[in-house]
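Novice: Compact mmCIF, C-alpha atoms, file final.txt:
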# COMPACT_ATOMS: atom_id res chain seq x y z
CA MET A 1065 0.00 0.00 0.00
CA SER A 1066 1.27 3.46 -0.79
CA ASP A 1067 1.80 6.10 1.90
CA GLN A 1068 -1.34 7.96 0.93
CA ALA A 1069 -3.48 4.87 1.13
CA VAL A 1070 -2.11 4.09 4.60
CA ARG A 1071 -2.83 7.64 5.75
CA ALA A 1072 -6.33 7.49 4.26
CA THR A 1073 -7.17 4.24 6.03
CA GLN A 1074 -5.82 5.59 9.31
CA TRP A 1075 -7.91 8.73 8.86
CA ILE A 1076 -11.04 6.68 8.20
CA TYR A 1077 -10.33 4.45 11.18
CA ARG A 1078 -9.88 7.46 13.44
CA GLY A 1079 -13.19 8.78 12.12
CA VAL A 1080 -14.92 5.53 13.01
CA TRP A 1081 -13.39 5.74 16.48
CA SER A 1082 -14.52 9.30 17.10
CA VAL A 1083 -18.08 8.38 16.06
CA LEU A 1084 -18.00 5.40 18.40
CA THR A 1085 -16.66 7.30 21.37
CA ARG A 1086 -18.84 10.38 20.85
CA TRP A 1087 -22.15 8.95 19.70
CA PHE A 1088 -22.02 5.38 20.88
CA ARG A 1089 -20.24 6.10 24.17
CA VAL A 1090 -17.53 3.52 23.72
CA PRO A 1091 -14.90 4.11 26.42
CA GLN A 1092 -11.49 4.77 24.97
CA GLY A 1093 -9.04 3.99 27.76
CA PRO A 1094 -8.58 0.84 29.79
CA PRO A 1095 -11.05 0.16 32.61
CA MET A 1096 -10.12 1.18 36.13
CA LEU A 1097 -9.93 -0.99 39.21
CA PRO A 1098 -9.88 0.38 42.74
CA VAL A 1099 -6.35 -0.30 43.89
CA ALA A 1100 -5.57 -0.71 47.59
CA ALA A 1101 -2.54 1.08 48.97
CA GLY A 1102 0.68 -0.76 48.20
CA ASP A 1103 -0.83 -2.72 45.36
CA SER A 1104 0.14 -2.33 41.74
CA ALA A 1105 -2.05 -2.48 38.66
CA GLU A 1106 -1.15 -3.16 35.07
CA SER A 1107 -3.39 -2.92 32.07
CA PHE A 1108 -2.67 -4.81 28.91
CA ARG A 1109 -4.42 -5.98 25.79
CA PRO A 1110 -4.13 -8.96 23.48
CA SER A 1111 -0.87 -9.49 21.67
CA PRO A 1112 -0.62 -7.88 18.17
CA ASN A 1113 -0.40 -11.44 16.91
CA PHE A 1114 -4.00 -11.91 18.06
CA LEU A 1115 -5.04 -9.37 15.43
CA ARG A 1116 -3.03 -11.29 12.79
CA TYR A 1117 -4.68 -14.50 13.99
CA LEU A 1118 -8.14 -12.99 13.58
CA LYS A 1119 -7.21 -11.62 10.15
CA LEU A 1120 -6.03 -15.02 8.99
CA TRP A 1121 -9.48 -16.48 9.62
CA PHE A 1122 -10.96 -13.40 7.99
CA TRP A 1123 -8.98 -13.97 4.79
CA LEU A 1124 -9.74 -17.69 4.82
CA ALA A 1125 -13.48 -16.99 5.08
CA LEU A 1126 -13.35 -14.12 2.60
CA LEU A 1127 -11.65 -15.99 -0.21
CA PRO A 1128 -14.36 -18.60 -1.02
CA ILE A 1129 -17.17 -16.03 -0.72
CA ASP A 1130 -15.51 -13.59 -3.12
CA VAL A 1131 -14.54 -16.39 -5.50
CA ALA A 1132 -18.17 -17.56 -5.49
CA ILE A 1133 -19.40 -14.05 -6.28
CA LEU A 1134 -16.85 -13.76 -9.11
CA ILE A 1135 -17.84 -17.13 -10.60
CA GLY A 1136 -21.52 -16.19 -10.42
CA TRP A 1137 -20.84 -12.89 -12.14
CA ILE A 1138 -18.76 -14.52 -14.91
CA ALA A 1139 -21.59 -17.02 -15.46
CA VAL A 1140 -24.07 -14.17 -15.85
CA MET A 1141 -21.66 -12.40 -18.23
CA ALA A 1142 -21.38 -15.50 -20.37
CA VAL A 1143 -25.14 -15.94 -20.62
CA ALA A 1144 -26.26 -12.32 -20.93
CA PRO A 1145 -23.43 -9.75 -21.25
CA TRP A 1146 -25.77 -6.77 -20.89
CA ILE A 1147 -27.15 -7.92 -17.56
CA GLY A 1148 -23.61 -8.79 -16.51
CA VAL A 1149 -22.37 -5.25 -17.14
CA ALA A 1150 -25.35 -3.84 -15.26
CA LEU A 1151 -24.71 -6.21 -12.35
CA ALA A 1152 -20.97 -5.45 -12.16
CA PRO A 1153 -21.26 -2.63 -9.56
CA VAL A 1154 -23.68 -4.71 -7.50
CA ALA A 1155 -21.33 -7.70 -7.53
CA LEU A 1156 -18.37 -5.49 -6.65
CA PHE A 1157 -20.32 -3.95 -3.76
CA LEU A 1158 -21.39 -7.38 -2.49
CA ALA A 1159 -17.80 -8.60 -2.66
CA VAL A 1160 -16.11 -5.60 -1.03
CA ALA A 1161 -18.53 -3.91 1.38
CA PRO A 1162 -18.96 -6.76 3.92
CA ASP A 1163 -15.21 -7.33 3.90
CA VAL A 1164 -14.50 -3.69 4.81
CA VAL A 1165 -17.07 -3.81 7.60
CA VAL A 1166 -15.69 -7.06 9.01
CA TYR A 1167 -12.10 -5.85 8.66
CA VAL A 1168 -12.85 -2.64 10.57
CA GLY A 1169 -14.80 -4.75 13.08
CA LEU A 1170 -11.77 -6.93 13.74
CA HIS A 1171 -9.66 -3.88 14.46
CA LEU A 1172 -12.34 -2.46 16.72
CA ARG A 1173 -12.64 -5.75 18.57
CA PHE A 1174 -8.90 -5.71 19.14
CA ASP A 1175 -8.82 -2.08 20.23
CA THR A 1176 -11.73 -2.37 22.67
CA THR A 1177 -10.39 -5.43 24.46
CA TRP A 1178 -8.64 -4.56 27.71
CA TYR A 1179 -7.32 -6.57 30.62
CA VAL A 1180 -6.45 -5.02 33.97
CA MET A 1181 -4.68 -7.02 36.64
CA THR A 1182 -3.77 -6.00 40.18
CA ASN A 1183 -2.21 -8.17 42.89
CA ARG A 1184 -5.72 -8.99 44.07
CA SER A 1185 -8.01 -9.08 41.13
CA LEU A 1186 -8.68 -9.08 37.45
CA ARG A 1187 -10.98 -6.97 35.31
CA LEU A 1188 -11.65 -7.74 31.66
CA ARG A 1189 -13.50 -5.67 29.13
CA ARG A 1190 -14.58 -6.55 25.64
CA GLY A 1191 -17.16 -5.54 23.10
CA VAL A 1192 -18.13 -2.60 20.93
CA TRP A 1193 -21.94 -2.63 20.75
CA VAL A 1194 -22.48 -4.54 23.94
CA ILE A 1195 -19.64 -3.84 26.33
CA GLN A 1196 -18.99 -6.56 28.88
CA GLU A 1197 -16.80 -6.23 31.91
CA VAL A 1198 -15.92 -9.00 34.35
CA THR A 1199 -14.35 -8.49 37.76
CA ILE A 1200 -12.89 -11.45 39.65
CA THR A 1201 -10.78 -11.46 42.80
CA PHE A 1202 -8.03 -14.06 42.81
CA GLU A 1203 -9.26 -15.21 46.22
CA ASN A 1204 -12.31 -16.65 44.47
CA VAL A 1205 -10.48 -18.33 41.60
CA GLN A 1206 -10.91 -22.10 41.47
CA ASN A 1207 -8.82 -23.00 38.47
CA VAL A 1208 -6.91 -21.50 35.57
CA VAL A 1209 -7.12 -23.03 32.10
CA VAL A 1210 -4.66 -22.23 29.32
CA GLN A 1211 -5.87 -23.16 25.85
CA GLN A 1212 -3.91 -23.04 22.62
CA GLY A 1213 -4.79 -24.41 19.21
CA PRO A 1214 -2.28 -25.20 16.47
CA VAL A 1215 -2.88 -21.91 14.64
CA GLN A 1216 -2.67 -20.00 17.91
CA ARG A 1217 0.59 -21.79 18.66
CA PHE A 1218 1.94 -20.64 15.30
CA PHE A 1219 1.16 -17.06 16.28
CA GLY A 1220 2.49 -17.58 19.80
CA ILE A 1221 -0.75 -16.66 21.55
CA ALA A 1222 -3.08 -18.47 23.93
CA ASN A 1223 -6.32 -18.03 25.83
CA VAL A 1224 -6.27 -18.03 29.61
CA SER A 1225 -9.58 -18.79 31.26
CA VAL A 1226 -9.94 -17.88 34.92
CA GLU A 1227 -12.78 -19.80 36.54
CA THR A 1228 -14.60 -19.34 39.81
CA ALA A 1229 -16.94 -21.68 41.64
CA GLY A 1230 -20.47 -22.31 40.41
CA ALA A 1231 -22.16 -24.63 38.02
CA GLY A 1232 -22.06 -22.30 35.05
CA ALA A 1233 -23.53 -22.93 31.67
CA ASN A 1234 -22.28 -24.95 28.78
CA PRO A 1235 -19.66 -22.68 27.23
CA HIS A 1236 -20.77 -23.70 23.74
CA THR A 1237 -24.32 -22.50 24.16
CA ARG A 1238 -23.77 -19.22 25.90
CA GLY A 1239 -20.96 -17.67 23.90
CA LEU A 1240 -19.30 -14.73 25.56
CA GLN A 1241 -21.86 -14.60 28.34
CA ILE A 1242 -20.30 -17.45 30.25
CA THR A 1243 -20.83 -16.85 33.91
CA ASN A 1244 -18.25 -17.43 36.63
CA GLN A 1245 -15.44 -17.27 34.12
CA GLY A 1246 -13.10 -14.60 32.86
CA LEU A 1247 -11.56 -15.25 29.46
CA ILE A 1248 -8.24 -13.56 28.70
CA GLU A 1249 -8.05 -13.99 24.96
CA GLY A 1250 -5.05 -13.96 22.68
CA ILE A 1251 -2.25 -12.93 24.99
CA GLY A 1252 1.39 -13.48 24.14
CA ASP A 1253 2.57 -14.36 27.66
CA PRO A 1254 0.00 -16.82 29.07
CA ASP A 1255 2.56 -18.51 31.31
CA ARG A 1256 3.39 -15.29 33.13
CA VAL A 1257 -0.28 -14.47 33.74
CA ARG A 1258 -1.01 -18.01 34.85
CA ALA A 1259 2.00 -18.00 37.17
CA ILE A 1260 0.87 -14.75 38.82
CA ILE A 1261 -2.65 -16.03 39.42
CA LEU A 1262 -1.52 -19.45 40.64
CA ALA A 1263 0.99 -17.86 43.01
CA ARG A 1264 -1.90 -15.91 44.53
CA LEU A 1265 -4.01 -19.06 44.70
CA ARG A 1266 -1.36 -21.03 46.58
CA ARG A 1267 -1.04 -18.35 49.24
CA SER A 1268 -4.79 -18.23 49.74
CA LYS A 1269 -5.98 -20.15 52.78
CA THR A 1270 -9.63 -20.50 51.84
CA ALA A 1271 -11.58 -22.57 49.36
CA GLY A 1272 -12.80 -19.47 47.59
CA LEU A 1273 -16.42 -20.10 48.49
CA GLY A 1274 -17.08 -17.22 50.81
CA ASP A 1275 -15.35 -18.76 53.84
CA GLU A 1276 -14.18 -16.27 56.41
CA ILE A 1277 -10.57 -16.36 57.45
CA GLU A 1278 -9.91 -16.33 61.18
CA SER A 1279 -8.46 -13.04 62.26
CA PRO A 1280 -4.87 -13.32 63.50
CA ASP A 1281 -6.02 -12.44 67.07
CA SER A 1282 -8.14 -15.53 67.36
CA VAL A 1283 -5.45 -17.93 66.20
CA ARG A 1284 -5.17 -20.56 68.93
CA LEU A 1285 -1.70 -20.72 70.38
CA PRO A 1286 -0.33 -23.47 72.59
CA PHE A 1287 -0.07 -20.85 75.32
CA ALA A 1288 0.39 -23.09 78.34
CA SER A 1289 3.45 -24.96 77.18
CA PRO A 1290 5.59 -26.61 79.94
CA GLN A 1291 8.12 -23.82 79.50
CA HIS A 1292 5.45 -21.20 80.18
CA LEU A 1293 4.22 -23.05 83.26
CA ARG A 1294 7.70 -23.31 84.72
CA LEU A 1295 8.37 -19.62 84.17
CA LEU A 1296 5.02 -18.58 85.62
CA ARG A 1297 5.64 -20.68 88.75
CA GLU A 1298 9.04 -19.07 89.17
CA ILE A 1299 7.44 -15.62 88.87
CA ARG A 1300 4.84 -16.56 91.49
CA ASP A 1301 7.58 -17.77 93.84
CA GLU A 1302 9.55 -14.57 93.33
CA VAL A 1303 6.53 -12.42 94.13
CA ALA A 1304 5.69 -14.57 97.17
CA ALA A 1305 9.21 -14.13 98.49
CA LEU A 1306 9.05 -10.31 98.27
CA MET B 1022 -17.25 6.92 32.26
CA THR B 1023 -14.11 5.33 33.60
CA GLY B 1024 -13.50 8.47 35.66
CA ASP B 1025 -16.11 7.37 38.18
CA ALA B 1026 -13.95 4.48 39.23
CA THR B 1027 -10.91 6.55 40.10
CA HIS B 1028 -12.38 8.19 43.17
CA GLY B 1029 -13.68 4.85 44.25
CA PRO B 1030 -16.66 4.12 46.41
CA SER B 1031 -15.73 6.71 49.04
CA GLY B 1032 -18.05 9.40 47.76
CA PHE B 1033 -20.80 6.95 46.97
CA ASN B 1034 -23.44 5.61 49.31
CA PRO B 1035 -25.37 2.62 47.96
CA THR B 1036 -27.68 2.49 51.00
CA GLN B 1037 -29.54 5.43 49.49
CA ILE B 1038 -30.50 3.37 46.45
CA GLU B 1039 -34.03 2.03 46.89
CA ARG B 1040 -35.83 2.59 43.62
CA PRO B 1041 -34.41 2.20 40.12
CA ASP B 1042 -33.79 5.35 38.16
CA ALA B 1043 -36.57 6.68 35.91
CA ALA B 1044 -34.26 6.05 32.96
CA LEU B 1045 -34.89 2.33 33.44
CA MET B 1046 -38.51 2.76 32.31
CA THR B 1047 -37.24 4.58 29.20
CA TYR B 1048 -34.91 1.68 28.60
CA TYR B 1049 -37.73 -0.85 29.03
CA LEU B 1050 -39.84 1.15 26.55
CA TRP B 1051 -37.04 0.91 23.98
CA VAL B 1052 -36.69 -2.82 24.60
CA ALA B 1053 -40.42 -3.25 24.07
CA LEU B 1054 -40.43 -1.04 20.95
CA ILE B 1055 -37.78 -3.21 19.32
CA THR B 1056 -40.17 -6.14 19.39
CA VAL B 1057 -42.71 -4.04 17.38
CA ALA B 1058 -45.68 -6.43 17.31
CA GLY B 1059 -44.96 -7.79 20.77
CA PHE B 1060 -44.92 -4.32 22.32
CA PRO B 1061 -47.99 -4.62 24.59
CA PHE B 1062 -47.01 -8.10 25.76
CA VAL B 1063 -43.47 -7.04 26.58
CA VAL B 1064 -44.12 -3.62 28.02
CA ILE B 1065 -46.74 -4.59 30.61
CA PRO B 1066 -44.54 -7.04 32.58
CA LEU B 1067 -41.61 -4.63 32.32
CA TRP B 1068 -43.80 -1.76 33.53
CA CYS B 1069 -44.87 -3.88 36.52
CA LYS B 1070 -41.27 -4.82 37.21
CA TYR B 1071 -40.14 -1.20 37.09
CA HIS B 1072 -42.84 -0.06 39.50
CA THR B 1073 -42.35 -2.86 42.02
CA LEU B 1074 -38.55 -3.04 41.89
CA ARG B 1075 -36.92 -2.29 45.26
CA TYR B 1076 -33.30 -2.46 46.31
CA ARG B 1077 -31.90 -2.52 49.80
CA PHE B 1078 -28.16 -2.29 50.33
CA ASP B 1079 -26.92 -2.82 53.87
CA ASP B 1080 -23.42 -3.32 55.20
CA LYS B 1081 -23.52 -7.12 54.80
CA GLY B 1082 -25.47 -7.71 51.64
CA VAL B 1083 -28.01 -6.58 49.11
CA SER B 1084 -31.63 -7.51 48.61
CA MET B 1085 -33.72 -7.00 45.51
CA SER B 1086 -37.45 -7.61 45.15
CA TRP B 1087 -39.98 -7.18 42.41
CA GLY B 1088 -43.23 -8.58 41.08
CA LEU B 1089 -46.89 -7.74 41.34
CA LEU B 1090 -48.67 -11.08 41.20
CA PHE B 1091 -45.63 -13.33 41.45
CA ARG B 1092 -43.33 -11.73 43.98
CA ARG B 1093 -39.67 -12.49 44.11
CA GLU B 1094 -37.01 -11.39 46.54
CA ILE B 1095 -33.32 -12.20 46.38
CA TYR B 1096 -30.86 -11.58 49.14
CA LEU B 1097 -27.16 -12.21 48.91
CA THR B 1098 -24.18 -11.27 51.02
CA TYR B 1099 -21.26 -9.38 49.55
CA ARG B 1100 -18.77 -11.93 50.87
CA ARG B 1101 -20.34 -14.67 48.78
CA ILE B 1102 -19.97 -12.85 45.48
CA GLN B 1103 -17.84 -14.87 43.09
CA ASP B 1104 -17.60 -12.46 40.20
CA ILE B 1105 -19.28 -9.35 38.90
CA HIS B 1106 -20.26 -8.91 35.29
CA VAL B 1107 -21.27 -5.53 33.92
CA THR B 1108 -23.09 -5.45 30.60
CA ARG B 1109 -23.85 -2.20 28.83
CA ASN B 1110 -25.48 -2.17 25.45
CA LEU B 1111 -26.01 0.90 23.31
CA PHE B 1112 -29.29 1.96 24.97
CA HIS B 1113 -27.78 1.40 28.39
CA ARG B 1114 -24.89 3.70 27.51
CA TRP B 1115 -27.11 6.38 26.02
CA LEU B 1116 -29.26 6.41 29.14
CA GLY B 1117 -26.29 6.14 31.49
CA LEU B 1118 -27.42 2.75 32.78
CA GLY B 1119 -25.94 -0.71 32.92
CA ALA B 1120 -26.73 -4.20 34.15
CA ILE B 1121 -24.59 -5.51 37.00
CA SER B 1122 -24.84 -9.29 37.20
CA ILE B 1123 -23.62 -10.87 40.40
CA GLN B 1124 -22.55 -14.50 40.50
CA THR B 1125 -22.34 -16.67 43.58
CA ALA B 1126 -21.21 -20.27 43.82
CA SER B 1127 -24.75 -21.66 43.69
CA GLY B 1128 -25.89 -24.11 41.07
CA THR B 1129 -27.93 -21.90 38.81
CA SER B 1130 -26.39 -21.27 35.45
CA GLY B 1131 -27.31 -17.60 35.12
CA ALA B 1132 -26.53 -14.66 37.34
CA GLU B 1133 -28.04 -14.83 40.81
CA MET B 1134 -28.93 -11.17 40.74
CA THR B 1135 -28.95 -8.57 38.01
CA ILE B 1136 -29.03 -5.02 39.27
CA GLU B 1137 -30.57 -2.73 36.68
CA GLY B 1138 -31.50 0.90 36.65
CA VAL B 1139 -28.73 2.38 38.75
CA LYS B 1140 -27.15 5.50 37.29
CA LYS B 1141 -23.71 5.20 38.88
CA VAL B 1142 -22.90 1.78 37.46
CA GLU B 1143 -19.14 2.09 37.86
CA ALA B 1144 -19.34 3.35 41.42
CA LEU B 1145 -21.79 0.65 42.49
CA ARG B 1146 -19.74 -2.05 40.81
CA ASP B 1147 -16.58 -0.87 42.53
CA TYR B 1148 -18.44 -0.70 45.86
CA LEU B 1149 -19.48 -4.34 45.42
CA TYR B 1150 -15.94 -5.19 44.39
CA THR B 1151 -14.43 -3.70 47.54
CA GLN B 1152 -16.89 -5.77 49.61
CA MET B 1153 -15.86 -8.98 47.85
CA ARG B 1154 -13.46 -11.42 49.41
CA GLY B 1155 -9.87 -10.77 48.55
CA ALA B 1156 -10.40 -7.19 47.42
CA LYS B 1157 -8.75 -5.70 50.47
CA GLY B 1158 -7.43 -6.43 53.92
CA ASN B 1159 -5.31 -9.35 55.00
CA THR B 1160 -7.25 -12.24 53.54
CA THR B 1161 -4.34 -13.48 51.49
CA THR B 1162 -1.40 -11.83 53.22
CA SER B 1163 -2.13 -12.76 56.85
CA GLY B 1164 0.69 -15.29 56.79
CA GLU B 1165 3.20 -12.60 55.94
CA SER B 1166 2.24 -9.65 58.06
CA THR B 1167 1.61 -11.31 61.42
CA LEU B 1168 3.79 -13.51 63.57
CA THR B 1169 3.47 -17.22 63.19
CA GLY B 1170 2.57 -19.36 66.20
CA GLU B 1171 6.20 -20.30 66.77
CA GLU B 1172 7.39 -16.72 66.82
CA THR B 1173 4.63 -15.62 69.19
CA ASN B 1174 5.50 -18.49 71.51
CA ASP B 1175 9.17 -17.49 71.58
CA SER B 1176 8.39 -13.86 72.31
CA VAL B 1177 6.04 -14.77 75.17
CA VAL B 1178 8.75 -16.93 76.73
CA ALA B 1179 11.27 -14.12 76.33
CA LEU B 1180 8.88 -11.65 77.96
CA LEU B 1181 8.17 -13.95 80.91
CA THR B 1182 11.89 -14.52 81.38
CA GLU B 1183 12.42 -10.76 81.52
CA ILE B 1184 9.68 -10.37 84.15
CA ARG B 1185 11.18 -13.12 86.30
CA ASP B 1186 14.67 -11.63 86.08
CA GLU B 1187 13.27 -8.20 86.90
CA LEU B 1188 11.49 -9.59 89.99
CA ARG B 1189 14.67 -11.39 91.10
CA ARG B 1190 16.58 -8.13 90.81
CA VAL B 1191 13.99 -6.30 92.92
CA ARG B 1192 14.07 -9.03 95.56
CA GLY B 1193 17.88 -9.04 95.56
CA ARG B 1194 17.92 -5.25 96.17
CA GLN B 1195 15.36 -5.56 98.98
CA GLU B 1196 17.36 -8.34 100.64
CA THR B 1197 20.59 -6.30 100.56
CA LYS B 1198 18.67 -3.32 102.05
CA ALA B 1199 17.23 -5.40 104.86
Would you kindly transcribe this structure into structure tokens?

Specialist:
Amino acid sequence: MSDQAVRATQWIYRGVWSVLTRWFRVPQGPPMLPVAAGDSAESFRPSPNFLRYLKLWFWLALLPIDVAILIGWIAVMAVAPWIGVALAPVALFLAVAPDVVVYVGLHLRFDTTWYVMTNRSLRLRRGVWVIQEVTITFENVQNVVVQQGPVQRFFGIANVSVETAGAGANPHTRGLQITNQGLIEGIGDPDRVRAIILARLRRSKTAGLGDEIESPDSVRLPFASPQHLRLLREIRDEVAAL
Amino acid sequence: MTGDATHGPSGFNPTQIERPDAALMTYYLWVALITVAGFPFVVIPLWCKYHTLRYRFDDKGVSMSWGLLFRREIYLTYRRIQDIHVTRNLFHRWLGLGAISIQTASGTSGAEMTIEGVKKVEALRDYLYTQMRGAKGNTTTSGESTLTGEETNDSVVALLTEIRDELRRVRGRQETKA
């Protein structure tokens, strides 16, 4: 693509963004999480390879559709050239317009996906028309699943699914609206994220089901050890002898 | 929109929320209008829900009730919240609303409670978040910040030893005086 074409596409994409943020109230920055004192927060988004991964499927789906439209048009041309000429703009529109929309949609999907992680919790946001945000504290996490398909492996990305307790629905029937789960899609460093969450899990002393931890004051100590008894007797004797 | 979250729940008092905002009825009207032919069938139950919907936030949990003929009331404690989902579609965003779905570890597949019709979605969500387990305090760091049993034991012994020695010294001084 020439320089001008690149600048034109960027200009159009910025235009789409400004319409989305102004008229459709799409938030532009990453979501916020209340951070306790002494805690750190980092926000990140899917790896750039995730966008390439999505585009690969886009091209693979696009090719047969456009080839089918082309073959259909050539068939019409062969039978009735006049109708074929008249249909040319229609065929071109049918072939190009949905592709542009989907292509822009892929970029928007990538740009509106945000992940925020603090030492205590995780907040995920995705979506353009319907914006979904999930907040999970690591204390409630039951298990962490890392999934990677062969194509994802080629791009060096993986999905990390953070699951909490609860029956939940069949993930295949409910799409993105899976409850008690946070899906971190297409990140380049799944092992780091998994390690952070699992490290938090191991330190946690509860089952993550709403159990209250005993406060440190109420921890039972073996207070009356033989050593204590001996010392206390000695103190009593000392006081008695005063 | 995200700015609400930065000042946190400090300036926000959920106990004042009892009725949903009037914008919720506008939202329900839009939802019903989308169904065109089904409008009267959709709008009447939604109208009833809007007018009977009551929230009660206390310091331990939240209760939500609605229904005219078939009443329904849900109560759940903040500590039992597993995760919080916030969904905002286009109409929600235009009206400044949002749907906060709260999950607990119970067996139902959907959300246990969906709070609709609250204007300060971000603030309420962050309030719920700070009440969740693990969002603050020493729930996960108690092992680091406080003494372990062994250490406490040692320090008690040391303290008792000091008291005994101190008493011996006092007695020794008294005996030399006498």

Novice: With distances taken over all atoms listed in the file, which residue among B:Asp1104, B:Asp1147, B:Glu1183, B:Asp1042 lies nearest Met1134 (chain B)?

Specialist: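 Checking each candidate against Met1134 (chain B), we get B:Asp1104 as the closest.
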
Novice: Using Å and a single decimal, report how far CA of Ile1065 (chain B) sits from CA of Tyr1096 (chain B).

Specialist: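 Distance between the two atoms: 25.4 Å.
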
Novice: Using CA of Arg1264 (chain A) and CA of Glu1197 (chain A) as the two end points, give the distance in Å to one decimal.

Specialist: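 Those two atoms sit 21.8 Å apart.
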
Novice: Of the candidates B:Arg1092, B:Arg1075, B:Lys1157, B:Lys1141, which one gets nearest to chain A if we count all atoms listed in the file?

Specialist: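 Ranking B:Arg1092, B:Arg1075, B:Lys1157, B:Lys1141 by distance to chain A, first place goes to B:Lys1157.
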
Novice: Could you list the residues in chain B lying within 6 Å of chain A, using all atoms listed in the file, and format the result as a list in words?

Specialist: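 Interface list for chain B against chain A: Ala1026, Arg1100, Arg1101, Gln1103, Asp1104, Ile1105, His1106, Val1107, Thr1108, Arg1109, Asn1110, Leu1111, Ala1126, Ser1127, Gly1128, Ser1130, Gly1155, Thr1161, Arg1185 and Arg1192 of chain B.
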
Novice: Set the distance at 9 Å and use only C-alpha atoms: which residues neighbour region 1154-1170 of chain A once local chain neighbours fewer than 5 positions away are removed? I'd like the list as a VMD selection string.

Specialist: chain A and resid 1077 1080 1115 1118 to 1119 1122 1126 1129 to 1131 1133 to 1134 1136 to 1137 1175 1192

Novice: Would you mind completing region 1105-1122 of chain A so that it carries N, CA and C atoms, and writing it out as a JSON list (two decimals), keeping the file's coordinate frame?

Specialist:
[["chain", "number", "residue", "atom", "x", "y", "z"],
["A", 1105, "ALA", "N", -1.11, -2.07, 39.69],
["A", 1105, "ALA", "CA", -2.05, -2.48, 38.66],
["A", 1105, "ALA", "C", -1.37, -2.35, 37.31],
["A", 1106, "GLU", "N", -1.64, -3.30, 36.43],
["A", 1106, "GLU", "CA", -1.15, -3.16, 35.07],
["A", 1106, "GLU", "C", -2.32, -3.45, 34.12],
["A", 1107, "SER", "N", -2.37, -2.66, 33.06],
["A", 1107, "SER", "CA", -3.39, -2.92, 32.07],
["A", 1107, "SER", "C", -2.69, -3.34, 30.78],
["A", 1108, "PHE", "N", -3.25, -4.35, 30.16],
["A", 1108, "PHE", "CA", -2.67, -4.81, 28.91],
["A", 1108, "PHE", "C", -3.79, -5.25, 27.98],
["A", 1109, "ARG", "N", -3.44, -5.53, 26.76],
["A", 1109, "ARG", "CA", -4.42, -5.98, 25.79],
["A", 1109, "ARG", "C", -3.86, -7.18, 25.04],
["A", 1110, "PRO", "N", -4.66, -7.79, 24.18],
["A", 1110, "PRO", "CA", -4.13, -8.96, 23.48],
["A", 1110, "PRO", "C", -2.88, -8.62, 22.70],
["A", 1111, "SER", "N", -2.09, -9.65, 22.44],
["A", 1111, "SER", "CA", -0.87, -9.49, 21.67],
["A", 1111, "SER", "C", -1.22, -9.06, 20.24],
["A", 1112, "PRO", "N", -0.35, -8.26, 19.58],
["A", 1112, "PRO", "CA", -0.62, -7.88, 18.17],
["A", 1112, "PRO", "C", -0.81, -9.10, 17.28],
["A", 1113, "ASN", "N", -0.23, -10.22, 17.70],
["A", 1113, "ASN", "CA", -0.40, -11.44, 16.91],
["A", 1113, "ASN", "C", -1.84, -11.94, 16.94],
["A", 1114, "PHE", "N", -2.59, -11.54, 17.99],
["A", 1114, "PHE", "CA", -4.00, -11.91, 18.06],
["A", 1114, "PHE", "C", -4.77, -11.29, 16.90],
["A", 1115, "LEU", "N", -4.40, -10.05, 16.56],
["A", 1115, "LEU", "CA", -5.04, -9.37, 15.43],
["A", 1115, "LEU", "C", -4.70, -10.11, 14.12],
["A", 1116, "ARG", "N", -3.43, -10.55, 13.99],
["A", 1116, "ARG", "CA", -3.03, -11.29, 12.79],
["A", 1116, "ARG", "C", -3.77, -12.61, 12.73],
["A", 1117, "TYR", "N", -3.96, -13.23, 13.90],
["A", 1117, "TYR", "CA", -4.68, -14.50, 13.99],
["A", 1117, "TYR", "C", -6.12, -14.32, 13.53],
["A", 1118, "LEU", "N", -6.77, -13.25, 14.01],
["A", 1118, "LEU", "CA", -8.14, -12.99, 13.58],
["A", 1118, "LEU", "C", -8.21, -12.71, 12.08],
["A", 1119, "LYS", "N", -7.21, -11.98, 11.58],
["A", 1119, "LYS", "CA", -7.21, -11.62, 10.15],
["A", 1119, "LYS", "C", -7.00, -12.85, 9.27],
["A", 1120, "LEU", "N", -6.24, -13.81, 9.78],
["A", 1120, "LEU", "CA", -6.03, -15.02, 8.99],
["A", 1120, "LEU", "C", -7.36, -15.73, 8.73],
["A", 1121, "TRP", "N", -8.17, -15.85, 9.78],
["A", 1121, "TRP", "CA", -9.48, -16.48, 9.62],
["A", 1121, "TRP", "C", -10.36, -15.64, 8.71],
["A", 1122, "PHE", "N", -10.21, -14.33, 8.84],
["A", 1122, "PHE", "CA", -10.96, -13.40, 7.99],
["A", 1122, "PHE", "C", -10.65, -13.65, 6.52]]
